[in-house]
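A.B. asks: Before we start, here is the structure in question, set down as C-alpha cells.
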Amino acid sequence: MNSRYVPLIGFALVAGLLGFGIHYMRNNSMNEVPSPLIGKPAPAFDLPLLDQPDKRLSNADLSGKPYLLNVFASWCFACRDEHPVLMAEGKALGIPIIGFNYKDEPDDAKRWLSQFGDPYSVVIADREGRVAIDFGVYGAPESFLVDGKGIIRYKRIGAITPEIVAFELKPRLAAMKEEGS
C-alpha cells in the first residue's frame with residue numbers, strides 16, 4: 001500500500017466513527033437511560049425549604065400521595081425550556097410538583113422563580129447535591145414520578161415536554177390511580 005494513502009484512510013476511519021457516534025447519540029438519547037430506582041422506594045430525604053430554610057420537608061411528609069419531584073437550577077439552560085411546560089401543564093397532572101433546587105445559590109433560585117413563575121407546590125434545596133446523589137441525578141433537569149407508597153414509577157432525564165406529559169406522565173398517573181397507588 002502506498003504510504004500517501006494512510007492519512008486518507010485514517011481520516012475516513014475517524015469520520016466514520018464520528019458519524020456513527022452522532023447517529024447513535026441522536027437515536028439513543030440520555031433521556032432513556034434506565035434507572036435502577038424504578039420500582040424501588042425513593043431515597044429518604046430531609047431538606048430545607050428554599051423560601052424558609054428553617055423549615056424542612058422529608059419524603060415522610062409526602063407519604064400517602066403521589067408527587068412529581070422536579071430537579072431544576074437557575075444555571076440550567078434546559079430548565080428554561082422545561083419551565084413553561086410545568087407552568088402550563090403542572091396543575092393538570094393533579095398531583096403536587098415538588099421543586100428540587102440542585103446545587104444552586106438560594107437567591108439565584110428565588111430570582112429565577114420570580115422571573116419565570118413558580119409551578120411548584122413547595123421547593124426544597126439541595127445546595128451540596130448530596131441527596132441528588134442518592135437519586136442518581138446526572139444533572140438538571142430531571143424528574144421522578146413517585147407513587148403514594150413512595151415508590152419511584154418513572155424517571156425523566158432532560159426537559160419535560162408536552163409530549164412527555166401526554167404520553168408518559170398522564171398514563172402512568174392513570175395507572176397509579178387504578179392501582180390505588
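Residues in the C-alpha cells are numbered from 1 in each chain, the chains being A, B, ... in the order shown, and ligands are numbered from 1 in the order shown.
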Skip segment 41-51 of chain A itself and residues of its chain fewer than 5 positions away, then list as a list in words all residues within 6 Å of it, counting only C-alpha atoms.

C.D. replies: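 The residues satisfying every condition are Arg56, Leu57, Ser58, Asn59, Val123, Ile124, Ala125, Gly150, Ile151 and Ile152 of chain A.
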
A.B. asks: Take the residues from that selection and write them out as a short mmCIF file (atom, residue, chain, number, x, y, z; two decimals), in the first residue's frame, keeping N, CA and C atoms.

C.D. replies:
data_model
loop_
_atom_site.label_atom_id
_atom_site.label_comp_id
_atom_site.auth_asym_id
_atom_site.auth_seq_id
_atom_site.Cartn_x
_atom_site.Cartn_y
_atom_site.Cartn_z
N ARG A 56 -38.27 22.33 57.05
CA ARG A 56 -37.76 21.23 56.24
C ARG A 56 -38.91 20.40 55.68
N LEU A 57 -38.61 19.65 54.63
CA LEU A 57 -39.56 18.72 54.04
C LEU A 57 -38.83 17.40 53.85
N SER A 58 -39.50 16.32 54.22
CA SER A 58 -38.92 15.00 54.03
C SER A 58 -39.86 14.17 53.17
N ASN A 59 -39.34 13.06 52.67
CA ASN A 59 -40.21 12.18 51.90
C ASN A 59 -41.30 11.60 52.80
N VAL A 123 -40.68 24.10 47.25
CA VAL A 123 -39.34 23.94 46.68
C VAL A 123 -38.38 23.62 47.81
N ILE A 124 -37.65 22.51 47.65
CA ILE A 124 -36.62 22.13 48.60
C ILE A 124 -35.26 22.41 47.96
N ALA A 125 -34.25 22.61 48.80
CA ALA A 125 -32.93 22.99 48.31
C ALA A 125 -31.89 21.96 48.72
N GLY A 150 -44.52 5.77 47.96
CA GLY A 150 -43.12 6.19 47.98
C GLY A 150 -42.24 5.48 46.98
N ILE A 151 -42.84 4.78 46.02
CA ILE A 151 -42.09 4.02 45.01
C ILE A 151 -41.89 4.89 43.77
N ILE A 152 -40.67 4.92 43.26
CA ILE A 152 -40.41 5.65 42.02
C ILE A 152 -40.97 4.85 40.86
#

A.B. asks: For Ser121 of chain A, find every residue with an atom within 12 Å (counting only C-alpha atoms), except residues of its own chain fewer than 2 positions away, and show them as an NGL selection string.

C.D. replies: :A and (49-50 or 57 or 62 or 67-70 or 86-87 or 90-91 or 94-100 or 118-119 or 123-124)

A.B. asks: Got time to write the residues from that selection, C-alpha atoms, as a compact mmCIF listing (two decimals), in the first residue's frame?

C.D. replies:
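Written out: again-v9.txt:
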# COMPACT_ATOMS: atom_id res chain seq x y z
CA LEU A 49 -37.38 24.75 52.02
CA LEU A 50 -35.92 27.26 49.62
CA LEU A 57 -39.56 18.72 54.04
CA LEU A 62 -45.20 13.28 51.31
CA TYR A 67 -45.89 13.59 43.56
CA LEU A 68 -43.51 14.65 40.83
CA LEU A 69 -40.04 15.60 42.06
CA ASN A 70 -38.53 18.02 39.54
CA LEU A 86 -44.52 22.89 34.01
CA MET A 87 -46.29 26.24 34.29
CA GLY A 90 -48.42 21.18 36.01
CA LYS A 91 -51.84 21.70 37.58
CA GLY A 94 -53.45 16.69 39.61
CA ILE A 95 -50.50 15.94 41.89
CA PRO A 96 -48.03 18.16 43.72
CA ILE A 97 -44.88 19.08 41.86
CA ILE A 98 -42.02 19.32 44.31
CA GLY A 99 -39.24 21.60 43.12
CA PHE A 100 -35.81 20.18 43.92
CA ASP A 118 -43.36 29.07 40.25
CA PRO A 119 -45.18 25.87 39.24
CA VAL A 123 -39.34 23.94 46.68
CA ILE A 124 -36.62 22.13 48.60

A.B. asks: Fewer than 3 positions away in the same chain doesn't count, so skip those; otherwise give me all residues within 12 Å of Leu37 of chain A, counting only C-alpha atoms, as a ChimeraX atom specification.

C.D. replies: /A:33-34,40-43,134-137,144-146,150-156

A.B. asks: To one decimal place, how far is atom CA of Asp108 of chain A from atom CA of Glu82 of chain A in Å?

C.D. replies: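 Going from atom CA of Asp108 of chain A over to atom CA of Glu82 of chain A, I get 17.7 Å.
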
A.B. asks: Quick one: pull the distance between atom CA of Ser35 of chain A and atom CA of Gly158 of chain A, Å, one decimal.

C.D. replies: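 Atom-to-atom, atom CA of Ser35 of chain A and atom CA of Gly158 of chain A are spaced 13.5 Å apart.
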
A.B. asks: From the list A:Gly117, A:Gly148, A:Ser143, A:Asp107, which residue is nearest Ile164 of chain A when using only C-alpha atoms?

C.D. replies: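 Among the listed residues, the smallest separation from Ile164 of chain A belongs to A:Ser143.
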
A.B. asks: Using only C-alpha atoms, pick whichever of A:Glu178, A:Asp147, A:Glu142, A:Glu168 has the shortest atom-to-atom distance to Ala78 of chain A.

C.D. replies: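 Once distances to Ala78 of chain A are computed over only C-alpha atoms, the minimum belongs to A:Glu142.
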
A.B. asks: Please extract the residues of segment 87-171 of chain A with a backbone DSSP assignment of strand (DSSP E) and present them as a list in words.

C.D. replies: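 For segment 87-171 of chain A, the strand (DSSP E) set is Ile97, Ile98, Gly99, Phe100, Asn101, Tyr102, Val122, Val123, Ile124, Ala125, Asp126, Glu142, Ser143, Phe144, Leu145, Val146, Ile152, Arg153, Tyr154, Lys155, Arg156 and Ile157 of chain A.
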
A.B. asks: Using only C-alpha atoms, pick whichever of A:Gly180, A:Glu128, A:Phe116, A:Tyr138 has the shortest atom-to-atom distance to Ala88 of chain A.

C.D. replies: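 Between A:Gly180, A:Glu128, A:Phe116, A:Tyr138, the residue approaching Ala88 of chain A most closely is A:Phe116.
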
A.B. asks: Could you pull out all residues of chain A with a DSSP call of helix (DSSP H, G or I) and give them as a count of residues only?

C.D. replies: 83

A.B. asks: Using only C-alpha atoms for the distances, tell me which of A:Val85, A:Lys65, A:Gly39, A:Lys55 is nearest to Glu163 of chain A.

C.D. replies: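 So, comparing all the options, the nearest one is A:Val85.
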
A.B. asks: At what distance in Å, to one decimal, does atom CA of Ile133 of chain A lie from atom CA of Ala60 of chain A?

C.D. replies: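 Between atom CA of Ala60 of chain A and atom CA of Ile133 of chain A the gap is 18.8 Å.
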